[in-house]
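Worksheet: the structure to be examined is printed underneath.
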2 protein chains.
Amino acid sequence: MRSYGQYCALAKALDVVGDRWSLLIVRELLIRGGCRYTDLRDGLPGIATNLLADRVRHLEECGVVRREEAPPPIAASLFHLTARGAELEAALRALGRWGAPLLSTAPERDTFRAHWLALPAAEWLRDHSPESPPVRLEIRMGGTSVIMLIGAGNVAYCPVVSDAPDAVLSGKRRVVLGLLAGKLDLAQARAAGLHYQGDPQVLRRVQPLAVE
Amino acid sequence: MRSYGQYCALAKALDVVGDRWSLLIVRELLIRGGCRYTDLRDGLPGIATNLLADRVRHLEECGVVRREEAPPPIAASLFHLTARGAELEAALRALGRWGAPLLSTAPERDTFRAHWLALPAAEWLRDHSPESPPVRLEIRMGGTSVIMLIGAGNVAYCPVVSDAPDAVLSGKRRVVLGLLAGKLDLAQARAAGLHYQGDPQVLRRVQPLAVE
DNA sequence: CGGCATCCTCTTTGATACTG
DNA sequence: CAGTATCAAAGAGGATGCCG
């Protein structure tokens, strides 16, 4: 993108991350950490592969993204955020909070990846038993899933591991989101088609107070 | 811009304000309040007039901007942020904070409008004498100026009024910014070409502690 | 003058195909 | 796997025209 050429902090930020797709690339790296090129592409449905290459290169030049060349065993290089890139988290969260109400009118055909829930879920959920041993909650929607690690007072994205999580939540977008955001309690969500298997304590441990 | 089509709060926010120029339009309205079309154009050097019309219309449709039709005496309609639009302030500030370090390497030919300083200045400066009567500080750089109103513990943008401010600060971008951001104290800034006229108390009242 | 709409050119995007 | 190459379509930027 051509620079705005304005001596203004916001315009300078947009010169770096204001291109189409750029902030979504940062979202992917912020949530998932190191990503291969194909991981990024899978997390950004709709992006053209040449654009992804262009954007990543630009973000690299601007000091937002760092490329880690393949350690010999693996045949893939990994992309990470730099420290400077990770500082975009506050701006990303603020924009996400602003955009969250728009999800209620989103068309059904929107693509979806469960790991996109990691940032909002970490805001909506609380670990109400910080002293208890950590547990893992899997959330499944629209064919994908994400595992959140709950422990030590935090709720965080958990890269996929092989053994079973302590509880699994699944259902339609609206219902899962309603439950996570505290607009529905478990009974209401179940009535609307939500499935919950596993340790009932897990949900109670993180559930926000039902509002309204 | 075409929608990302992603069921993600960040992507939905970008569907609304992710177009080129959109967030800068929000910046203008956030700082200056009601603006005529030509005020907007003047605050957005480089924008094509058809693009400005397109963007404003889109923001209106999305509930971010409200158009106030001309009250009979005046021959101009005014654009405002809606309440929902004003909620973008947190995201705007976060992006601006992230972009501020980039100003130190900005090319000299960047365009400039002093009112763009209003948001960062309100973050950098503090009213250390909230009980004193309010005073006005004018900041002049690059041919434009902005007046900040200091009082009641706040530092805020002040629409231009006719009578003289209590103090006037002027000089080159770097120096004024260095002083406002607390990287230079008054003596250092003066040595670097800063001019300060008027009540010396005004600057002392708001100046951040010199850092580093 | 304020608030656009039109026309034109140039750049960017999106979709697909192809390569080391 | 990690891109590059190609190309049609959409969007941006600049100039200018129009209308109350």
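To be explicit about the labels: the chains of the structure tokens are called A, B, and onward in the order shown, and within each one the residues are counted from 1, while ligands get numbers from 1 in the order they are shown.
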Give me, as CSV, each residue of chain B that comes within 9 Å of chain A, together with its shortest interatomic pair and the distance in Å at one decimal, counting only C-alpha atoms, with rows ordered by chain and rising residue number.
residue,atom,partner,partner_atom,distance
B:Tyr4,CA,A:Gly46,CA,7.3
B:Gly5,CA,A:Asp110,CA,4.7
B:Gln6,CA,A:Thr111,CA,4.9
B:Tyr7,CA,A:Phe112,CA,5.4
B:Cys8,CA,A:Trp116,CA,6.3
B:Ala9,CA,A:Ala100,CA,4.5
B:Leu10,CA,A:Gly96,CA,4.2
B:Ala11,CA,A:Leu24,CA,7.1
B:Lys12,CA,A:Gly99,CA,5.5
B:Ala13,CA,A:Gly99,CA,4.2
B:Leu14,CA,A:Gly99,CA,8.0
B:Val16,CA,A:Gly99,CA,8.6
B:Gly18,CA,A:Arg20,CA,7.3
B:Asp19,CA,A:Arg20,CA,7.7
B:Arg20,CA,A:Gly18,CA,7.3
B:Trp21,CA,A:Tyr4,CA,8.7
B:Leu23,CA,A:Leu10,CA,8.5
B:Leu24,CA,A:Ala11,CA,7.2
B:Arg27,CA,A:Leu10,CA,8.4
B:Leu44,CA,A:Gln6,CA,8.6
B:Pro45,CA,A:Gln6,CA,7.9
B:Gly46,CA,A:Tyr4,CA,7.2
B:Ile47,CA,A:Tyr4,CA,8.9
B:Arg84,CA,A:Trp98,CA,8.8
B:Glu87,CA,A:Trp98,CA,7.1
B:Leu88,CA,A:Trp98,CA,6.7
B:Ala90,CA,A:Ala94,CA,6.2
B:Ala91,CA,A:Ala94,CA,4.7
B:Leu92,CA,A:Leu10,CA,7.2
B:Arg93,CA,A:Leu10,CA,8.0
B:Ala94,CA,A:Ala91,CA,4.7
B:Leu95,CA,A:Ala91,CA,5.3
B:Gly96,CA,A:Leu10,CA,4.3
B:Arg97,CA,A:Ala9,CA,7.1
B:Trp98,CA,A:Ala13,CA,6.6
B:Gly99,CA,A:Ala13,CA,4.2
B:Ala100,CA,A:Ala9,CA,4.5
B:Pro101,CA,A:Ala9,CA,7.8
B:Leu102,CA,A:Lys12,CA,6.4
B:Leu103,CA,A:Ala9,CA,6.4
B:Ala106,CA,A:Tyr7,CA,6.9
B:Pro107,CA,A:Gly5,CA,8.2
B:Glu108,CA,A:Tyr7,CA,8.7
B:Arg109,CA,A:Gly5,CA,7.7
B:Asp110,CA,A:Gly5,CA,4.7
B:Thr111,CA,A:Gln6,CA,4.8
B:Phe112,CA,A:Tyr7,CA,5.4
B:Arg113,CA,A:Tyr7,CA,8.0
B:Trp116,CA,A:Cys8,CA,6.3
B:Leu117,CA,A:Cys8,CA,7.6
B:Pro120,CA,A:Ala9,CA,8.2
B:Arg173,CA,A:Tyr7,CA,8.8
Please report as a PDB file with all heavy atoms, in the first residue's frame which residues of chain B come no farther than 9 Å from chain C, using only C-alpha atoms (C1' of nucleotides).
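Writing the result to iface.pdb gives the following:
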ATOM      1  N   ARG B  36     -17.535  19.634   8.406  1.00  0.00           N
ATOM      2  CA  ARG B  36     -18.094  19.721   7.067  1.00  0.00           C
ATOM      3  C   ARG B  36     -17.260  18.834   6.153  1.00  0.00           C
ATOM      4  O   ARG B  36     -16.133  18.458   6.479  1.00  0.00           O
ATOM      5  CB  ARG B  36     -18.028  21.166   6.569  1.00  0.00           C
ATOM      6  CG  ARG B  36     -18.965  22.096   7.297  1.00  0.00           C
ATOM      7  CD  ARG B  36     -18.692  23.506   6.914  1.00  0.00           C
ATOM      8  NE  ARG B  36     -17.312  23.868   7.239  1.00  0.00           N
ATOM      9  CZ  ARG B  36     -16.733  25.012   6.918  1.00  0.00           C
ATOM     10  NH1 ARG B  36     -17.415  25.918   6.256  1.00  0.00           N
ATOM     11  NH2 ARG B  36     -15.490  25.278   7.245  1.00  0.00           N
ATOM     12  N   TYR B  37     -17.811  18.571   4.994  1.00  0.00           N
ATOM     13  CA  TYR B  37     -17.102  17.764   4.007  1.00  0.00           C
ATOM     14  C   TYR B  37     -15.725  18.343   3.725  1.00  0.00           C
ATOM     15  O   TYR B  37     -14.715  17.629   3.712  1.00  0.00           O
ATOM     16  CB  TYR B  37     -17.929  17.721   2.727  1.00  0.00           C
ATOM     17  CG  TYR B  37     -17.429  16.787   1.672  1.00  0.00           C
ATOM     18  CD1 TYR B  37     -17.764  15.446   1.705  1.00  0.00           C
ATOM     19  CD2 TYR B  37     -16.623  17.245   0.637  1.00  0.00           C
ATOM     20  CE1 TYR B  37     -17.314  14.582   0.723  1.00  0.00           C
ATOM     21  CE2 TYR B  37     -16.170  16.398  -0.343  1.00  0.00           C
ATOM     22  CZ  TYR B  37     -16.521  15.064  -0.297  1.00  0.00           C
ATOM     23  OH  TYR B  37     -16.069  14.223  -1.274  1.00  0.00           O
ATOM     24  N   THR B  38     -15.665  19.629   3.541  1.00  0.00           N
ATOM     25  CA  THR B  38     -14.375  20.248   3.213  1.00  0.00           C
ATOM     26  C   THR B  38     -13.409  20.249   4.393  1.00  0.00           C
ATOM     27  O   THR B  38     -12.201  20.199   4.198  1.00  0.00           O
ATOM     28  CB  THR B  38     -14.579  21.686   2.709  1.00  0.00           C
ATOM     29  OG1 THR B  38     -15.579  22.301   3.504  1.00  0.00           O
ATOM     30  CG2 THR B  38     -15.003  21.683   1.263  1.00  0.00           C
ATOM     31  N   THR B  49     -11.458  13.045  -3.712  1.00  0.00           N
ATOM     32  CA  THR B  49     -12.763  13.490  -3.227  1.00  0.00           C
ATOM     33  C   THR B  49     -13.855  12.431  -3.411  1.00  0.00           C
ATOM     34  O   THR B  49     -14.721  12.270  -2.558  1.00  0.00           O
ATOM     35  CB  THR B  49     -13.161  14.825  -3.884  1.00  0.00           C
ATOM     36  OG1 THR B  49     -14.478  15.148  -3.502  1.00  0.00           O
ATOM     37  CG2 THR B  49     -13.064  14.739  -5.387  1.00  0.00           C
ATOM     38  N   ASN B  50     -13.772  11.663  -4.490  1.00  0.00           N
ATOM     39  CA  ASN B  50     -14.778  10.614  -4.664  1.00  0.00           C
ATOM     40  C   ASN B  50     -14.627   9.515  -3.615  1.00  0.00           C
ATOM     41  O   ASN B  50     -15.616   8.977  -3.124  1.00  0.00           O
ATOM     42  CB  ASN B  50     -14.701  10.023  -6.072  1.00  0.00           C
ATOM     43  CG  ASN B  50     -13.313   9.500  -6.385  1.00  0.00           C
ATOM     44  OD1 ASN B  50     -12.359   9.811  -5.676  1.00  0.00           O
ATOM     45  ND2 ASN B  50     -13.185   8.719  -7.423  1.00  0.00           N
ATOM     46  N   ALA B  53     -16.199  10.706  -0.390  1.00  0.00           N
ATOM     47  CA  ALA B  53     -17.655  10.555  -0.448  1.00  0.00           C
ATOM     48  C   ALA B  53     -18.058   9.092  -0.262  1.00  0.00           C
ATOM     49  O   ALA B  53     -18.966   8.781   0.517  1.00  0.00           O
ATOM     50  CB  ALA B  53     -18.179  11.091  -1.779  1.00  0.00           C
ATOM     51  N   ALA B  75     -25.035  26.778   4.940  1.00  0.00           N
ATOM     52  CA  ALA B  75     -25.204  26.029   3.707  1.00  0.00           C
ATOM     53  C   ALA B  75     -24.312  24.793   3.690  1.00  0.00           C
ATOM     54  O   ALA B  75     -23.702  24.473   2.682  1.00  0.00           O
ATOM     55  CB  ALA B  75     -24.905  26.924   2.511  1.00  0.00           C
ATOM     56  N   ALA B  76     -24.209  24.127   4.814  1.00  0.00           N
ATOM     57  CA  ALA B  76     -23.341  22.955   4.843  1.00  0.00           C
ATOM     58  C   ALA B  76     -23.906  21.929   5.812  1.00  0.00           C
ATOM     59  O   ALA B  76     -24.509  22.293   6.821  1.00  0.00           O
ATOM     60  CB  ALA B  76     -21.940  23.355   5.286  1.00  0.00           C
ATOM     61  N   SER B  77     -23.735  20.659   5.493  1.00  0.00           N
ATOM     62  CA  SER B  77     -24.160  19.640   6.450  1.00  0.00           C
ATOM     63  C   SER B  77     -22.937  19.183   7.236  1.00  0.00           C
ATOM     64  O   SER B  77     -21.799  19.283   6.776  1.00  0.00           O
ATOM     65  CB  SER B  77     -24.844  18.484   5.741  1.00  0.00           C
ATOM     66  OG  SER B  77     -24.119  18.098   4.616  1.00  0.00           O
TER      67      SER B  77
END
Pull the alpha helix (DSSP H) assignments for region 59-126 of chain A out of DSSP run on the backbone, and list those residues as number ranges by chain.
A: 59-61, 83-86, 89-99, 118-124
d(CA of Pro208 (chain B), CA of Leu186 (chain B)) in Å
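Atom-to-atom, CA of Pro208 (chain B) to CA of Leu186 (chain B), that is 11.0 Å.
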Dump as an MDAnalysis selection string the residues of chain D that approach chain B to within 12 Å, counting only C-alpha atoms (C1' of nucleotides).
chainID D and resid 10:16 20
Can you check which residues of region 144-173 of chain B DSSP gives as strand (DSSP E) on the backbone and send them as number ranges by chain?
B: 144-151, 154-158, 167-170
Contacts of region 132-139 of chain A at 6 Å (only C-alpha atoms (C1' of nucleotides); same-chain gap of 2+ positions) as a ChimeraX atom specification:
/A:129-130,145-151,165-170
